[in-house]
>>> print(open('target-v8.tsv').read())   # TSV, C-alpha atoms and all ligand atoms
chain	number	residue	atom	x	y	z
K	1	MET	CA	13.40	0.30	-14.31
K	2	ALA	CA	11.98	2.85	-11.87
K	3	LEU	CA	8.20	2.61	-11.80
K	4	LEU	CA	7.68	5.09	-8.96
K	5	GLU	CA	10.01	7.81	-7.75
K	6	GLY	CA	9.82	10.31	-4.95
K	7	LEU	CA	12.11	13.31	-5.33
K	8	ARG	CA	12.99	15.34	-2.23
K	9	LEU	CA	9.49	15.13	-0.79
K	10	SER	CA	8.75	17.30	2.23
K	11	LYS	CA	5.59	17.66	4.30
K	12	ARG	CA	4.90	19.60	7.49
K	13	PHE	CA	1.79	19.60	9.67
K	14	GLY	CA	1.91	22.89	11.54
K	15	GLY	CA	5.09	22.68	13.59
K	16	VAL	CA	5.61	18.96	12.93
K	17	THR	CA	7.92	17.91	10.11
K	18	ALA	CA	6.47	14.61	8.91
K	19	LEU	CA	8.83	14.25	5.94
K	20	SER	CA	12.00	16.11	5.08
K	21	GLU	CA	13.46	15.88	1.56
K	22	VAL	CA	12.83	12.17	1.19
K	23	SER	CA	13.80	10.57	-2.12
K	24	PHE	CA	13.16	6.96	-3.07
K	25	THR	CA	12.71	4.64	-6.02
K	26	VAL	CA	10.46	1.61	-6.47
K	27	GLU	CA	11.61	-0.62	-9.33
K	28	GLU	CA	9.01	-2.27	-11.54
K	29	GLY	CA	8.05	-5.82	-10.55
K	30	THR	CA	9.68	-5.69	-7.11
K	31	ILE	CA	8.36	-5.79	-3.57
K	32	VAL	CA	9.76	-2.80	-1.69
K	33	GLY	CA	9.32	-2.58	2.07
K	34	LEU	CA	8.93	0.74	3.86
K	35	ILE	CA	9.77	0.55	7.56
K	36	GLY	CA	10.57	2.86	10.45
K	37	PRO	CA	9.49	3.55	14.02
K	38	ASN	CA	6.04	4.98	14.82
K	39	GLY	CA	5.66	8.49	13.45
K	40	ALA	CA	8.58	8.09	11.01
K	41	GLY	CA	6.45	9.42	8.15
K	42	LYS	CA	5.59	6.20	6.32
K	43	THR	CA	1.84	6.78	5.95
K	44	THR	CA	2.47	10.44	5.09
K	45	LEU	CA	4.72	9.29	2.25
K	46	PHE	CA	1.94	7.01	0.97
K	47	ASN	CA	-0.53	9.88	1.22
K	48	LEU	CA	1.75	12.10	-0.88
K	49	VAL	CA	2.09	9.41	-3.56
K	50	ALA	CA	-1.63	8.56	-3.59
K	51	GLY	CA	-2.77	12.18	-3.78
K	52	ALA	CA	-4.44	12.22	-0.36
K	53	LEU	CA	-1.99	14.97	0.65
K	54	LYS	CA	-0.02	17.49	-1.39
K	55	PRO	CA	3.70	17.83	-0.62
K	56	ASP	CA	5.11	21.19	0.49
K	57	SER	CA	7.93	20.54	-1.93
K	58	GLY	CA	9.29	17.73	-4.02
K	59	ARG	CA	7.85	15.60	-6.78
K	60	VAL	CA	6.22	12.24	-7.36
K	61	VAL	CA	7.02	10.62	-10.70
K	62	PHE	CA	5.17	7.54	-11.91
K	63	ARG	CA	6.20	5.81	-15.15
K	64	GLY	CA	8.18	8.90	-16.04
K	65	GLU	CA	5.21	11.21	-15.58
K	66	ASP	CA	4.97	13.92	-12.92
K	67	ILE	CA	1.85	13.12	-10.88
K	68	THR	CA	2.57	15.44	-7.94
K	69	GLY	CA	-0.55	16.87	-6.35
K	70	LEU	CA	-3.08	15.05	-8.57
K	71	SER	CA	-6.31	14.05	-6.83
K	72	PRO	CA	-6.61	10.49	-5.46
K	73	ASN	CA	-9.03	9.26	-8.13
K	74	ILE	CA	-6.78	10.52	-10.93
K	75	VAL	CA	-3.73	8.94	-9.28
K	76	CYS	CA	-5.72	5.71	-9.04
K	77	ARG	CA	-6.47	5.84	-12.75
K	78	HIS	CA	-2.75	6.11	-13.45
K	79	GLY	CA	-2.43	2.65	-11.85
K	80	ILE	CA	-1.65	3.35	-8.20
K	81	ALA	CA	-3.82	1.62	-5.59
K	82	ARG	CA	-3.42	1.76	-1.83
K	83	THR	CA	-4.91	0.29	1.30
K	84	PHE	CA	-5.43	2.30	4.47
K	85	GLN	CA	-3.75	1.66	7.82
K	86	VAL	CA	-7.12	2.30	9.41
K	87	THR	CA	-9.55	0.59	7.06
K	88	ARG	CA	-12.37	2.67	5.67
K	89	PRO	CA	-14.92	0.49	3.92
K	90	PHE	CA	-18.33	1.90	3.09
K	91	GLY	CA	-19.96	0.33	6.14
K	92	THR	CA	-23.54	0.09	4.96
K	93	MET	CA	-22.58	-1.23	1.55
K	94	THR	CA	-22.04	-4.94	0.96
K	95	CYS	CA	-18.55	-6.28	0.34
K	96	LEU	CA	-19.50	-6.84	-3.29
K	97	GLU	CA	-20.54	-3.20	-3.62
K	98	ASN	CA	-17.38	-2.00	-1.87
K	99	VAL	CA	-15.22	-3.82	-4.39
K	100	GLY	CA	-17.57	-2.64	-7.14
K	101	VAL	CA	-16.42	0.91	-6.32
K	102	GLY	CA	-12.91	-0.23	-7.19
K	103	VAL	CA	-14.09	-1.87	-10.41
K	104	ILE	CA	-15.80	1.34	-11.50
K	105	ASN	CA	-12.63	3.32	-10.71
K	106	SER	CA	-10.58	1.05	-12.96
K	107	PRO	CA	-9.27	2.68	-16.13
K	108	ARG	CA	-10.67	-0.36	-17.91
K	109	SER	CA	-14.15	-0.01	-16.41
K	110	GLU	CA	-15.68	0.44	-19.90
K	111	SER	CA	-15.02	-3.22	-20.60
K	112	ASP	CA	-16.70	-4.22	-17.32
K	113	GLY	CA	-20.27	-4.65	-18.44
K	114	ASN	CA	-20.75	-6.84	-15.40
K	115	TRP	CA	-19.11	-5.13	-12.42
K	116	ARG	CA	-20.64	-7.68	-10.03
K	117	ALA	CA	-18.82	-10.61	-11.64
K	118	THR	CA	-15.56	-8.67	-11.60
K	119	ALA	CA	-16.03	-7.65	-7.98
K	120	LEU	CA	-16.79	-11.24	-7.00
K	121	HIS	CA	-13.62	-12.35	-8.78
K	122	TYR	CA	-11.51	-10.05	-6.58
K	123	LEU	CA	-13.34	-11.12	-3.41
K	124	GLU	CA	-12.42	-14.69	-4.40
K	125	THR	CA	-8.81	-13.63	-5.01
K	126	VAL	CA	-8.47	-12.54	-1.37
K	127	GLY	CA	-10.67	-15.35	-0.03
K	128	VAL	CA	-13.73	-13.50	1.32
K	129	GLU	CA	-16.26	-14.35	-1.39
K	130	ASP	CA	-18.58	-15.86	1.25
K	131	LEU	CA	-18.99	-12.30	2.60
K	132	ALA	CA	-20.08	-10.84	-0.74
K	133	PHE	CA	-23.56	-9.90	0.48
K	134	THR	CA	-22.57	-8.95	4.02
K	135	GLU	CA	-22.45	-5.26	4.92
K	136	ALA	CA	-18.84	-4.22	5.44
K	137	ARG	CA	-19.52	-2.85	8.93
K	138	HIS	CA	-20.02	-6.44	10.17
K	139	LEU	CA	-16.48	-7.52	9.18
K	140	ASN	CA	-13.65	-8.06	11.65
K	141	VAL	CA	-10.32	-6.27	11.23
K	142	VAL	CA	-8.67	-9.06	9.23
K	143	GLN	CA	-11.66	-9.36	6.89
K	144	LYS	CA	-11.68	-5.58	6.40
K	145	LYS	CA	-8.01	-5.65	5.43
K	146	LYS	CA	-8.76	-8.36	2.87
K	147	LEU	CA	-11.68	-6.33	1.54
K	148	GLU	CA	-9.36	-3.32	1.14
K	149	ILE	CA	-6.92	-5.39	-0.86
K	150	ALA	CA	-9.76	-6.67	-3.06
K	151	ARG	CA	-10.98	-3.13	-3.66
K	152	ALA	CA	-7.46	-1.97	-4.49
K	153	LEU	CA	-6.89	-4.89	-6.89
K	154	ALA	CA	-10.22	-4.20	-8.60
K	155	THR	CA	-8.81	-0.91	-9.89
K	156	ARG	CA	-6.24	-3.03	-11.81
K	157	PRO	CA	-3.22	-1.20	-10.45
K	158	LYS	CA	0.34	-1.38	-11.66
K	159	ILE	CA	1.50	-0.74	-8.11
K	160	LEU	CA	-0.21	-1.86	-4.92
K	161	MET	CA	0.65	0.15	-1.82
K	162	LEU	CA	-0.10	-1.73	1.40
K	163	ASP	CA	-0.17	0.12	4.74
K	164	GLU	CA	0.15	-2.45	7.55
K	165	VAL	CA	-2.10	-5.22	6.30
K	166	LEU	CA	-0.86	-7.94	8.67
K	167	GLY	CA	-2.31	-6.51	11.90
K	168	GLY	CA	-4.37	-9.06	13.80
K	169	LEU	CA	-2.84	-12.12	12.11
K	170	ASN	CA	-1.08	-14.92	14.01
K	171	SER	CA	2.36	-16.12	12.95
K	172	GLN	CA	1.04	-18.91	10.73
K	173	GLU	CA	-1.39	-16.53	9.02
K	174	ILE	CA	1.47	-14.07	8.48
K	175	VAL	CA	3.46	-16.71	6.60
K	176	GLN	CA	0.40	-17.41	4.43
K	177	ALA	CA	-0.14	-13.68	3.85
K	178	VAL	CA	3.46	-13.18	2.73
K	179	ASP	CA	3.09	-16.06	0.26
K	180	PHE	CA	-0.19	-14.53	-0.92
K	181	ILE	CA	1.35	-11.10	-1.56
K	182	ARG	CA	4.26	-12.66	-3.45
K	183	ARG	CA	1.85	-14.72	-5.56
K	184	LEU	CA	-0.22	-11.60	-6.31
K	185	ARG	CA	2.93	-9.84	-7.48
K	186	ASP	CA	3.88	-12.74	-9.75
K	187	GLU	CA	0.45	-13.58	-11.14
K	188	LEU	CA	-0.88	-10.06	-11.62
K	189	HIS	CA	2.54	-8.65	-12.63
K	190	LEU	CA	2.30	-6.10	-9.87
K	191	THR	CA	4.80	-3.95	-8.09
K	192	VAL	CA	4.27	-3.83	-4.31
K	193	PHE	CA	5.21	-0.98	-1.98
K	194	TRP	CA	4.60	-2.24	1.53
K	195	ILE	CA	4.62	-0.55	4.95
K	196	GLU	CA	4.78	-3.14	7.69
K	197	HIS	CA	5.75	-3.34	11.34
K	198	VAL	CA	5.93	-7.13	11.18
K	199	MET	CA	9.63	-7.16	10.36
K	200	GLY	CA	9.85	-10.90	9.65
K	201	ALA	CA	7.27	-10.54	6.87
K	202	ILE	CA	9.07	-7.67	5.17
K	203	MET	CA	12.38	-9.49	5.51
K	204	LYS	CA	10.90	-12.51	3.76
K	205	ALA	CA	8.96	-10.68	1.06
K	206	ALA	CA	10.93	-7.61	0.05
K	207	GLU	CA	13.79	-7.31	-2.39
K	208	LYS	CA	14.57	-3.84	-1.06
K	209	VAL	CA	13.74	-2.13	2.20
K	210	ILE	CA	13.63	1.64	2.70
K	211	VAL	CA	13.98	2.89	6.28
K	212	LEU	CA	12.49	6.19	7.43
K	213	ASP	CA	13.22	7.73	10.80
K	214	GLN	CA	11.81	11.01	12.08
K	215	GLY	CA	10.80	12.11	8.58
K	216	GLN	CA	14.17	11.35	7.04
K	217	HIS	CA	15.42	8.66	4.69
K	218	LEU	CA	17.72	6.81	7.08
K	219	MET	CA	19.03	4.10	4.74
K	220	GLU	CA	17.94	1.46	2.26
K	221	GLY	CA	19.21	-1.91	1.16
K	222	THR	CA	18.45	-5.60	1.06
K	223	PRO	CA	16.63	-7.00	4.11
K	224	GLU	CA	19.92	-8.47	5.30
K	225	GLN	CA	21.70	-5.11	5.02
K	226	VAL	CA	18.89	-3.31	6.81
K	227	VAL	CA	18.67	-5.60	9.84
K	228	ALA	CA	22.44	-5.48	10.28
K	229	ASP	CA	22.69	-1.68	10.04
K	230	SER	CA	23.58	0.02	13.31
K	231	ARG	CA	21.58	3.16	12.39
K	232	VAL	CA	18.43	1.07	11.95
K	233	ILE	CA	18.97	-0.81	15.18
K	234	HIS	CA	19.50	2.48	16.99
K	235	ALA	CA	16.38	4.04	15.45
K	236	TYR	CA	14.24	1.18	16.74
K	237	LEU	CA	15.87	0.74	20.12
K	238	GLY	CA	15.85	4.48	20.72
K	239	GLU	CA	12.08	4.49	20.33
K	301	LIG	N1	-3.00	14.82	9.39
K	301	LIG	C1	-2.01	15.07	10.26
K	301	LIG	N2	-2.04	16.18	11.04
K	301	LIG	C2	-1.05	16.45	11.90
K	301	LIG	N3	0.04	15.67	12.07
K	301	LIG	C3	0.12	14.56	11.34
K	301	LIG	C4	-0.89	14.20	10.39
K	301	LIG	N4	-0.53	13.02	9.80
K	301	LIG	C5	0.64	12.68	10.35
K	301	LIG	N5	1.04	13.60	11.27
K	301	LIG	C6	2.29	13.55	12.05
K	301	LIG	O1	3.35	13.32	11.12
K	301	LIG	C7	4.29	12.39	11.65
K	301	LIG	C8	4.39	11.19	10.73
K	301	LIG	O2	3.18	10.46	10.82
K	301	LIG	P1	2.87	9.17	9.93
K	301	LIG	O3	1.47	8.80	10.19
K	301	LIG	O4	3.25	9.44	8.52
K	301	LIG	O5	3.88	8.12	10.56
K	301	LIG	P2	4.00	6.55	10.33
K	301	LIG	O6	5.43	6.27	10.03
K	301	LIG	O7	2.98	6.07	9.38
K	301	LIG	O8	3.70	5.98	11.81
K	301	LIG	P3	2.95	4.64	12.30
K	301	LIG	O9	3.98	3.55	12.20
K	301	LIG	O10	2.60	4.92	13.71
K	301	LIG	O11	1.77	4.41	11.42
K	301	LIG	C9	3.83	12.07	13.06
K	301	LIG	O12	4.50	12.94	13.94
K	301	LIG	C10	2.35	12.37	13.01
K	301	LIG	O13	1.86	12.73	14.28
K	302	MG	MG	1.41	4.80	9.49
>>> encode(input="target-v8.tsv", output="C-alpha cells")
Amino acid sequence: MALLEGLRLSKRFGGVTALSEVSFTVEEGTIVGLIGPNGAGKTTLFNLVAGALKPDSGRVVFRGEDITGLSPNIVCRHGIARTFQVTRPFGTMTCLENVGVGVINSPRSESDGNWRATALHYLETVGVEDLAFTEARHLNVVQKKKLEIARALATRPKILMLDEVLGGLNSQEIVQAVDFIRRLRDELHLTVFWIEHVMGAIMKAAEKVIVLDQGQHLMEGTPEQVVADSRVIHAYLGE
C-alpha cells in the first residue's frame, strides 16, 4: 500500500529548476532509497514532503490525505519525520532537551507526562544516552546525526526521512548503521525514505531505489536493477 506519494512535483528557485514533474511512491513498511548526483533535487524533494518548501505545482499525499503545502509542524504531526543533511540541533540546549522538542511535537505528547524519560529512551535507542546532559554544540558530526535521528524518532513517525546520515562513518560503522536502520524499521514498524550517497548502504538496505537526475525522475527499481541501468551509470559518470 502506498504510504507516501508525490504527484508531478515541481519546484524552481529563480532560474534553477530543482524538480520537474517528479512522481514517486513509498510503500508502507519498506525502505526506499533516493539517489542521484549532487544537485539532482533530492533534498528539495524532502523539503516539499516535509513542508519546509511549497511546490510550484504537484501534490503530496500521505495515507490518502493531501498534505501539500502544510507547515512542517503539522506535517510532523501527521507522522512524517526527517533529518537534515546539515544538522541543526539547538546548540545551547542539552541532547536530552533537543530530543524533548521531538517528544513534545509527537501527536501522542499528551500521554508523555515525563518527557525526560521518553527523550532518554530515544537517546538510548541511537546509542548517545551518555551525552544526555551535554550541550548539542559540543557534539561531533556523527553524534549530531544520531541526535537528529533520536529527535525524529521521538515524534513517533510513521515514516522516517533520512538525508545523508552516514557521512563521517567508516566502512565498518556503515555496516552497523545499515543494520540499525533495518532494525528500527522492523521494531518500530516504520517506513524509511532514505537519501544517501553511500551507494553500498542503499544497495544493502533498500527494497526500492528511486533515481533523480537534474530534477527529473530518471528511473526506479530494485537495487540490482538500478546499478545495472545504463542511464544511472551515465548520470553518475557524467557528473
Ligand atoms: N534554497 C535554494 N535556493 C536556490 N537554489 C536552491 C535552493 N535549494 C536547492 N537549490 C538548487 O536546486 C538544485 C537541487 O538541489 P538539492 O539540494 O535538492 O540537490 P540534492 O540532490 O540534495 O544534492 P546533494 O546531493 O548535493 O545534497 C540545485 O541546483 C541547488 O543549487
Ligand atoms: Mg541534498
>>> closest_residue(input="target-v8.tsv", among="K:Cys95, K:Ile104, K:Leu7, K:Ala119", to="K:Lys145", atoms="all atoms listed in the file")
K:Cys95
>>> closest_residue(input="target-v8.tsv", among="K:Asn98, K:Ser106, K:Ser57, K:Asn47", to="K:Ser20", atoms="all atoms listed in the file")
K:Ser57
>>> closest_atom_pairs(input="target-v8.tsv", of="chain K", to="ligand MG 302 (chain K)", cutoff="10 Å", atoms="only C-alpha atoms and all ligand atoms", output="Markdown table")
| residue | atom | partner | partner_atom | distance |
| --- | --- | --- | --- | --- |
| K:Ile35 | CA | K:MG302 | MG | 9.6 |
| K:Gly36 | CA | K:MG302 | MG | 9.4 |
| K:Pro37 | CA | K:MG302 | MG | 9.3 |
| K:Asn38 | CA | K:MG302 | MG | 7.1 |
| K:Gly39 | CA | K:MG302 | MG | 6.9 |
| K:Ala40 | CA | K:MG302 | MG | 8.0 |
| K:Gly41 | CA | K:MG302 | MG | 7.0 |
| K:Lys42 | CA | K:MG302 | MG | 5.4 |
| K:Thr43 | CA | K:MG302 | MG | 4.1 |
| K:Thr44 | CA | K:MG302 | MG | 7.2 |
| K:Leu45 | CA | K:MG302 | MG | 9.1 |
| K:Phe46 | CA | K:MG302 | MG | 8.8 |
| K:Asn47 | CA | K:MG302 | MG | 9.9 |
| K:Phe84 | CA | K:MG302 | MG | 8.8 |
| K:Gln85 | CA | K:MG302 | MG | 6.3 |
| K:Val86 | CA | K:MG302 | MG | 8.9 |
| K:Asp163 | CA | K:MG302 | MG | 6.9 |
| K:Glu164 | CA | K:MG302 | MG | 7.6 |
| K:Ile195 | CA | K:MG302 | MG | 7.7 |
| K:Glu196 | CA | K:MG302 | MG | 8.8 |
| K:His197 | CA | K:MG302 | MG | 9.4 |
>>> closest_residue(input="target-v8.tsv", among="K:Val211, K:Ala2, K:Val126, K:Ala152", to="ligand LIG 301 (chain K)", atoms="only C-alpha atoms and all ligand atoms")
K:Val211
>>> closest_residue(input="target-v8.tsv", among="K:Arg151, K:Arg63, K:His78, K:His217", to="ligand LIG 301 (chain K)", atoms="all atoms listed in the file")
K:His217
>>> build_atoms(input="target-v8.tsv", residues="stretch 45-56 of chain K", atoms="all heavy atoms", output="PDB file, in the coordinates of the input")
ATOM      1  N   LEU K  45       4.117   9.512   3.567  1.00  0.00           N
ATOM      2  CA  LEU K  45       4.720   9.290   2.250  1.00  0.00           C
ATOM      3  C   LEU K  45       3.707   8.641   1.307  1.00  0.00           C
ATOM      4  O   LEU K  45       3.557   9.066   0.154  1.00  0.00           O
ATOM      5  CB  LEU K  45       5.981   8.431   2.402  1.00  0.00           C
ATOM      6  CG  LEU K  45       6.861   8.306   1.163  1.00  0.00           C
ATOM      7  CD1 LEU K  45       8.321   8.162   1.564  1.00  0.00           C
ATOM      8  CD2 LEU K  45       6.441   7.135   0.319  1.00  0.00           C
ATOM      9  N   PHE K  46       2.984   7.631   1.793  1.00  0.00           N
ATOM     10  CA  PHE K  46       1.940   7.010   0.970  1.00  0.00           C
ATOM     11  C   PHE K  46       0.885   8.039   0.566  1.00  0.00           C
ATOM     12  O   PHE K  46       0.420   8.046  -0.560  1.00  0.00           O
ATOM     13  CB  PHE K  46       1.268   5.859   1.743  1.00  0.00           C
ATOM     14  CG  PHE K  46       1.880   4.503   1.500  1.00  0.00           C
ATOM     15  CD1 PHE K  46       3.217   4.368   1.141  1.00  0.00           C
ATOM     16  CD2 PHE K  46       1.118   3.360   1.637  1.00  0.00           C
ATOM     17  CE1 PHE K  46       3.778   3.111   0.923  1.00  0.00           C
ATOM     18  CE2 PHE K  46       1.670   2.097   1.414  1.00  0.00           C
ATOM     19  CZ  PHE K  46       2.992   1.973   1.062  1.00  0.00           C
ATOM     20  N   ASN K  47       0.497   8.878   1.520  1.00  0.00           N
ATOM     21  CA  ASN K  47      -0.530   9.880   1.220  1.00  0.00           C
ATOM     22  C   ASN K  47      -0.062  10.864   0.145  1.00  0.00           C
ATOM     23  O   ASN K  47      -0.861  11.304  -0.684  1.00  0.00           O
ATOM     24  CB  ASN K  47      -0.921  10.636   2.494  1.00  0.00           C
ATOM     25  CG  ASN K  47      -1.841   9.818   3.389  1.00  0.00           C
ATOM     26  OD1 ASN K  47      -2.595   8.968   2.902  1.00  0.00           O
ATOM     27  ND2 ASN K  47      -1.781  10.061   4.685  1.00  0.00           N
ATOM     28  N   LEU K  48       1.222  11.192   0.150  1.00  0.00           N
ATOM     29  CA  LEU K  48       1.750  12.100  -0.880  1.00  0.00           C
ATOM     30  C   LEU K  48       1.733  11.427  -2.249  1.00  0.00           C
ATOM     31  O   LEU K  48       1.423  12.057  -3.260  1.00  0.00           O
ATOM     32  CB  LEU K  48       3.178  12.535  -0.543  1.00  0.00           C
ATOM     33  CG  LEU K  48       3.365  13.372   0.731  1.00  0.00           C
ATOM     34  CD1 LEU K  48       4.819  13.807   0.867  1.00  0.00           C
ATOM     35  CD2 LEU K  48       2.457  14.591   0.737  1.00  0.00           C
ATOM     36  N   VAL K  49       2.078  10.137  -2.280  1.00  0.00           N
ATOM     37  CA  VAL K  49       2.090   9.410  -3.560  1.00  0.00           C
ATOM     38  C   VAL K  49       0.659   9.262  -4.084  1.00  0.00           C
ATOM     39  O   VAL K  49       0.378   9.484  -5.259  1.00  0.00           O
ATOM     40  CB  VAL K  49       2.749   8.028  -3.413  1.00  0.00           C
ATOM     41  CG1 VAL K  49       2.551   7.194  -4.676  1.00  0.00           C
ATOM     42  CG2 VAL K  49       4.239   8.173  -3.091  1.00  0.00           C
ATOM     43  N   ALA K  50      -0.261   8.894  -3.177  1.00  0.00           N
ATOM     44  CA  ALA K  50      -1.630   8.560  -3.590  1.00  0.00           C
ATOM     45  C   ALA K  50      -2.511   9.785  -3.814  1.00  0.00           C
ATOM     46  O   ALA K  50      -3.660   9.657  -4.225  1.00  0.00           O
ATOM     47  CB  ALA K  50      -2.268   7.637  -2.552  1.00  0.00           C
ATOM     48  N   GLY K  51      -1.997  10.966  -3.529  1.00  0.00           N
ATOM     49  CA  GLY K  51      -2.770  12.180  -3.780  1.00  0.00           C
ATOM     50  C   GLY K  51      -3.686  12.582  -2.634  1.00  0.00           C
ATOM     51  O   GLY K  51      -4.442  13.540  -2.752  1.00  0.00           O
ATOM     52  N   ALA K  52      -3.614  11.854  -1.506  1.00  0.00           N
ATOM     53  CA  ALA K  52      -4.440  12.220  -0.360  1.00  0.00           C
ATOM     54  C   ALA K  52      -3.916  13.498   0.302  1.00  0.00           C
ATOM     55  O   ALA K  52      -4.680  14.225   0.945  1.00  0.00           O
ATOM     56  CB  ALA K  52      -4.464  11.076   0.660  1.00  0.00           C
ATOM     57  N   LEU K  53      -2.611  13.740   0.152  1.00  0.00           N
ATOM     58  CA  LEU K  53      -1.990  14.970   0.650  1.00  0.00           C
ATOM     59  C   LEU K  53      -1.104  15.544  -0.453  1.00  0.00           C
ATOM     60  O   LEU K  53      -0.546  14.786  -1.251  1.00  0.00           O
ATOM     61  CB  LEU K  53      -1.099  14.685   1.863  1.00  0.00           C
ATOM     62  CG  LEU K  53      -1.749  14.260   3.175  1.00  0.00           C
ATOM     63  CD1 LEU K  53      -0.650  13.827   4.155  1.00  0.00           C
ATOM     64  CD2 LEU K  53      -2.560  15.408   3.763  1.00  0.00           C
ATOM     65  N   LYS K  54      -0.960  16.865  -0.450  1.00  0.00           N
ATOM     66  CA  LYS K  54      -0.020  17.490  -1.390  1.00  0.00           C
ATOM     67  C   LYS K  54       1.284  17.787  -0.655  1.00  0.00           C
ATOM     68  O   LYS K  54       1.256  18.275   0.469  1.00  0.00           O
ATOM     69  CB  LYS K  54      -0.611  18.796  -1.950  1.00  0.00           C
ATOM     70  CG  LYS K  54      -1.800  18.572  -2.872  1.00  0.00           C
ATOM     71  CD  LYS K  54      -2.206  19.881  -3.541  1.00  0.00           C
ATOM     72  CE  LYS K  54      -3.638  19.861  -4.053  1.00  0.00           C
ATOM     73  NZ  LYS K  54      -4.041  18.702  -4.858  1.00  0.00           N
ATOM     74  N   PRO K  55       2.441  17.515  -1.279  1.00  0.00           N
ATOM     75  CA  PRO K  55       3.700  17.830  -0.620  1.00  0.00           C
ATOM     76  C   PRO K  55       3.930  19.343  -0.560  1.00  0.00           C
ATOM     77  O   PRO K  55       3.405  20.077  -1.393  1.00  0.00           O
ATOM     78  CB  PRO K  55       4.751  17.155  -1.511  1.00  0.00           C
ATOM     79  CG  PRO K  55       4.118  17.067  -2.848  1.00  0.00           C
ATOM     80  CD  PRO K  55       2.642  16.922  -2.617  1.00  0.00           C
ATOM     81  N   ASP K  56       4.694  19.780   0.447  1.00  0.00           N
ATOM     82  CA  ASP K  56       5.110  21.190   0.490  1.00  0.00           C
ATOM     83  C   ASP K  56       6.133  21.458  -0.598  1.00  0.00           C
ATOM     84  O   ASP K  56       6.173  22.531  -1.182  1.00  0.00           O
ATOM     85  CB  ASP K  56       5.713  21.521   1.865  1.00  0.00           C
ATOM     86  CG  ASP K  56       4.711  21.305   2.980  1.00  0.00           C
ATOM     87  OD1 ASP K  56       3.499  21.411   2.712  1.00  0.00           O
ATOM     88  OD2 ASP K  56       5.149  21.014   4.110  1.00  0.00           O
TER      89      ASP K  56
END
